[in-house]
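Worksheet for the structure shown next.
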Amino acid sequence: MKKSTIFYLGFFYVLLFFGIAPVMGQFFGERQEVVVACYPFSVFLNAGISFLIYTFSIKGRIFDKPIERAREPFFVYSANTLLCFGVLFVSSCVFEAISYFLKIGGGLQEVIFPTSFLGWVNFFFGVVCAAFFEEVIYRFYLPRAFREIFRKLKVFRNSGTAQKAEFKVSAAADNANEVLNRLWFSFLCEGLALLLFGLGHIYLGVLGFLNALVCGAALRLCMARTKSLWIPFAIHALYNFLSFLAVYLLF
């Protein structure tokens, strides 16, 4: 099987089961009023599939170009980590305040926590796995996959020419139209992935959707700046834990 065939099959699988299916289920379903802190088997399965996607990606078996992993200085990790976590914290506080004062719903929901040891084990690993597969799919994989799809389909071209625009930074990329095309192309690919992430949280209401957009953008920027999946994954998992802890202690 050709590499391009594997890429297309993998892309449509991810788009269907990680993008369209969650959006359809969340968007057309009723808003959840009660959240049970018990994760289904599908969450752990998604984490396993996401690990395979990440592994094959960095080995160059999915995308045309292997994923480059560069070690950044410590201050890049620490500064972006603190900034990203701060954005997530402030965003949550702002939208919770809006929800409380305007009484429009979409704030913290009632959560039923586990009552057994195995239930708490399921909860702990469920939070970790959910954060992991969301970071892999929505931040690591989909933005790159959309770029590959548009390039393969030759959707974007340089204005006034039949030459395909590769949209990569180079010494020759000083033409204003090419720069504009590259920015628009990146905005589209990043925006599509971010929109799917936000719509996957539509069950939290409009404010939950907006909060997911802000947090998703901050996590993606952190991943781009640190060139690491694991930093935003750790931030995401910690954020989820602290959100549940706040509900557990306050309500």
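Chain labels follow the order of the structure tokens: the first chain is A, the next B, and so on; residue numbering restarts at 1 in every chain, and ligands are counted from 1 in their shown order.
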Discussion item. Show me, as an MDAnalysis selection string, the residues that have an atom within 12 Å of Ile53 (chain A) when counting only C-alpha atoms, minus same-chain residues fewer than 5 positions from it.
Written reply: chainID A and resid 6:7 10:11 13:14 46:48 58:63 67 132:133 135:137 140:142 145
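When only C-alpha atoms are used to compute distances to Ala246 (chain A), the closest of the residues A:Asp64, A:Glu72, A:Glu190, A:Glu110 turns out to be A:Glu110.
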Discussion item. List as a ChimeraX atom specification the protein and nucleic acid residues near Ala212 (chain A), meaning an atom at most 10 Å away when only C-alpha atoms are counted, but skip any in the same chain fewer than 5 places from it.
Written reply: /A:88,91-92,194-195,197-202,204,206-207,217-218
File dump, residues just selected, N, CA, C and O atoms, as a CSV table (one decimal), in the first residue's frame:
```csv
chain,number,residue,atom,x,y,z
A,88,LEU,N,-4.9,29.4,30.4
A,88,LEU,CA,-6.0,28.5,30.7
A,88,LEU,C,-6.7,28.8,32.0
A,88,LEU,O,-8.0,28.8,32.1
A,91,SER,N,-8.7,32.2,31.5
A,91,SER,CA,-9.9,32.0,30.6
A,91,SER,C,-11.0,31.3,31.4
A,91,SER,O,-12.2,31.7,31.3
A,92,SER,N,-10.7,30.2,32.2
A,92,SER,CA,-11.7,29.5,32.9
A,92,SER,C,-12.4,30.5,34.0
A,92,SER,O,-13.6,30.4,34.1
A,194,LEU,N,-8.7,23.8,15.5
A,194,LEU,CA,-9.2,24.4,16.7
A,194,LEU,C,-10.7,24.4,16.7
A,194,LEU,O,-11.3,24.2,17.8
A,195,LEU,N,-11.4,24.6,15.6
A,195,LEU,CA,-12.8,24.6,15.6
A,195,LEU,C,-13.4,23.2,16.0
A,195,LEU,O,-14.4,23.1,16.7
A,197,PHE,N,-11.9,21.0,17.9
A,197,PHE,CA,-11.7,20.9,19.3
A,197,PHE,C,-12.8,21.6,20.1
A,197,PHE,O,-13.4,21.1,21.1
A,198,GLY,N,-13.1,22.9,19.7
A,198,GLY,CA,-14.1,23.6,20.3
A,198,GLY,C,-15.5,23.0,20.2
A,198,GLY,O,-16.3,22.9,21.2
A,199,LEU,N,-15.9,22.5,19.0
A,199,LEU,CA,-17.2,21.9,18.8
A,199,LEU,C,-17.3,20.6,19.6
A,199,LEU,O,-18.4,20.2,20.0
A,200,GLY,N,-16.2,19.9,19.8
A,200,GLY,CA,-16.2,18.7,20.7
A,200,GLY,C,-16.6,19.0,22.1
A,200,GLY,O,-16.9,18.1,22.8
A,201,HIS,N,-16.6,20.3,22.5
A,201,HIS,CA,-16.9,20.7,23.9
A,201,HIS,C,-18.2,21.5,23.9
A,201,HIS,O,-18.5,22.2,24.9
A,202,ILE,N,-19.0,21.4,22.8
A,202,ILE,CA,-20.2,22.2,22.7
A,202,ILE,C,-21.2,21.8,23.8
A,202,ILE,O,-22.2,22.5,24.1
A,204,LEU,N,-20.8,21.6,26.7
A,204,LEU,CA,-20.7,22.5,27.9
A,204,LEU,C,-21.4,23.8,27.7
A,204,LEU,O,-21.3,24.7,28.6
A,206,VAL,N,-22.4,27.4,25.2
A,206,VAL,CA,-21.6,28.4,24.4
A,206,VAL,C,-20.4,28.9,25.1
A,206,VAL,O,-19.3,29.0,24.5
A,207,LEU,N,-20.4,29.1,26.4
A,207,LEU,CA,-19.3,29.5,27.2
A,207,LEU,C,-18.2,28.5,27.2
A,207,LEU,O,-17.0,28.7,27.1
A,217,ALA,N,-6.2,27.2,21.6
A,217,ALA,CA,-5.3,28.1,20.9
A,217,ALA,C,-4.0,28.2,21.8
A,217,ALA,O,-2.9,28.2,21.2
A,218,ALA,N,-4.2,28.4,23.1
A,218,ALA,CA,-3.0,28.6,23.9
A,218,ALA,C,-2.1,27.3,24.0
A,218,ALA,O,-0.9,27.4,23.9
```
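Using only C-alpha atoms, the nearest neighbour of Gly205 (chain A) within the list A:Ser116, A:Ser186, A:Ser99, A:Asn80 is A:Ser99.
Nearest residue to Leu210 (chain A) among A:Leu249, A:Tyr239, A:Ile98, A:Thr226 is A:Ile98, counting only C-alpha atoms.
Nearest-residue note for Phe117 (chain A): choosing from A:Cys38, A:Phe251, A:Tyr77, A:Phe209, the minimum distance belongs to A:Cys38, counting only C-alpha atoms.
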Would you please give, as a short mmCIF file (atom, residue, chain, number, x, y, z; two decimals) with C-alpha atoms, in the first residue's frame, all residues of region 58-156 of chain A that DSSP assigns to alpha helix (DSSP H) based on the backbone?
```cif
data_model
loop_
_atom_site.label_atom_id
_atom_site.label_comp_id
_atom_site.auth_asym_id
_atom_site.auth_seq_id
_atom_site.Cartn_x
_atom_site.Cartn_y
_atom_site.Cartn_z
CA ILE A 58 7.77 11.23 14.30
CA PHE A 74 15.00 25.54 29.53
CA PHE A 75 13.69 29.10 29.64
CA VAL A 76 11.64 28.43 26.48
CA TYR A 77 9.94 25.49 28.19
CA SER A 78 9.41 27.26 31.52
CA ALA A 79 8.26 30.60 30.12
CA ASN A 80 5.79 29.07 27.66
CA THR A 81 4.56 26.58 30.26
CA LEU A 82 3.75 29.32 32.76
CA LEU A 83 2.20 31.54 30.09
CA CYS A 84 0.03 28.74 28.71
CA PHE A 85 -1.17 27.58 32.11
CA GLY A 86 -1.90 31.20 33.04
CA VAL A 87 -4.05 31.65 29.94
CA LEU A 88 -6.01 28.48 30.72
CA PHE A 89 -6.54 29.56 34.34
CA VAL A 90 -7.60 33.13 33.47
CA SER A 91 -9.87 31.96 30.65
CA SER A 92 -11.69 29.54 32.94
CA CYS A 93 -12.13 32.18 35.64
CA VAL A 94 -13.43 34.76 33.16
CA PHE A 95 -15.99 32.43 31.59
CA GLU A 96 -17.07 31.12 34.98
CA ALA A 97 -17.60 34.71 36.14
CA ILE A 98 -19.61 35.49 33.01
CA SER A 99 -21.70 32.38 33.56
CA TYR A 100 -22.34 33.27 37.21
CA PHE A 101 -23.23 36.96 36.80
CA LEU A 102 -25.21 36.68 33.57
CA PHE A 117 -10.67 2.58 44.72
CA LEU A 118 -11.04 1.18 41.20
CA GLY A 119 -13.30 4.09 40.37
CA TRP A 120 -10.61 6.56 41.41
CA VAL A 121 -8.00 4.62 39.39
CA ASN A 122 -10.28 4.84 36.35
CA PHE A 123 -10.74 8.56 36.99
CA PHE A 124 -7.00 9.26 37.29
CA PHE A 125 -5.95 7.39 34.16
CA GLY A 126 -9.03 8.62 32.29
CA VAL A 127 -8.06 12.26 32.85
CA VAL A 128 -4.50 11.54 31.68
CA CYS A 129 -5.62 9.59 28.60
CA ALA A 130 -8.24 12.16 27.61
CA ALA A 131 -5.67 14.98 27.79
CA PHE A 132 -3.16 12.90 25.82
CA PHE A 133 -5.35 11.95 22.88
CA GLU A 134 -6.77 15.48 22.60
CA LEU A 142 -4.83 17.61 12.57
CA PRO A 143 -3.04 20.92 11.81
CA ARG A 144 -0.31 19.00 9.96
CA ALA A 145 -2.82 16.68 8.32
CA PHE A 146 -4.89 19.58 6.95
CA ARG A 147 -1.69 21.08 5.49
CA GLU A 148 -0.85 17.79 3.79
CA ILE A 149 -4.39 17.41 2.42
CA PHE A 150 -4.50 20.90 0.92
CA ARG A 151 -1.05 20.50 -0.59
CA LYS A 152 -1.84 17.11 -2.07
CA LEU A 153 -5.11 18.41 -3.51
#
```
Item to complete: Report the distance between CA of Val23 (chain A) and CA of Tyr203 (chain A) in Å, rounded to one decimal place.
Response: 9.3 Å
Practice prompt. Would you please give, as a ChimeraX atom specification, all residues of region 3-249 of chain A that DSSP assigns to strand (DSSP E or B) based on the backbone?
Written response: /A:34-36,110-112,157,164
Please produce a file of the residues just selected, as a JSON list (two decimals), in the first residue's frame, where the atoms kept are N, CA, C and O atoms.
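The file below, selection.json, is the result:
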```
[["chain", "number", "residue", "atom", "x", "y", "z"],
["A", 34, "VAL", "N", -25.14, 16.78, 34.36],
["A", 34, "VAL", "CA", -24.43, 15.97, 35.34],
["A", 34, "VAL", "C", -23.29, 15.24, 34.64],
["A", 34, "VAL", "O", -23.49, 14.62, 33.60],
["A", 35, "VAL", "N", -22.10, 15.33, 35.20],
["A", 35, "VAL", "CA", -20.93, 14.64, 34.65],
["A", 35, "VAL", "C", -20.52, 13.55, 35.62],
["A", 35, "VAL", "O", -20.30, 13.81, 36.80],
["A", 36, "VAL", "N", -20.46, 12.33, 35.14],
["A", 36, "VAL", "CA", -20.02, 11.21, 35.95],
["A", 36, "VAL", "C", -18.53, 11.01, 35.71],
["A", 36, "VAL", "O", -18.11, 10.80, 34.56],
["A", 110, "GLU", "N", -22.55, 19.74, 37.79],
["A", 110, "GLU", "CA", -22.54, 18.78, 38.89],
["A", 110, "GLU", "C", -21.73, 17.55, 38.47],
["A", 110, "GLU", "O", -21.95, 17.00, 37.39],
["A", 111, "VAL", "N", -20.81, 17.17, 39.30],
["A", 111, "VAL", "CA", -19.95, 16.03, 38.99],
["A", 111, "VAL", "C", -20.15, 14.95, 40.04],
["A", 111, "VAL", "O", -20.10, 15.22, 41.24],
["A", 112, "ILE", "N", -20.39, 13.73, 39.59],
["A", 112, "ILE", "CA", -20.51, 12.58, 40.48],
["A", 112, "ILE", "C", -19.17, 11.87, 40.51],
["A", 112, "ILE", "O", -18.75, 11.28, 39.51],
["A", 157, "ARG", "N", -2.63, 27.96, -4.56],
["A", 157, "ARG", "CA", -1.58, 28.23, -5.52],
["A", 157, "ARG", "C", -1.15, 29.69, -5.40],
["A", 157, "ARG", "O", -1.90, 30.54, -4.94],
["A", 164, "LYS", "N", 2.60, 25.60, -7.66],
["A", 164, "LYS", "CA", 2.01, 25.28, -6.36],
["A", 164, "LYS", "C", 2.78, 25.98, -5.25],
["A", 164, "LYS", "O", 4.00, 25.95, -5.23]]
```
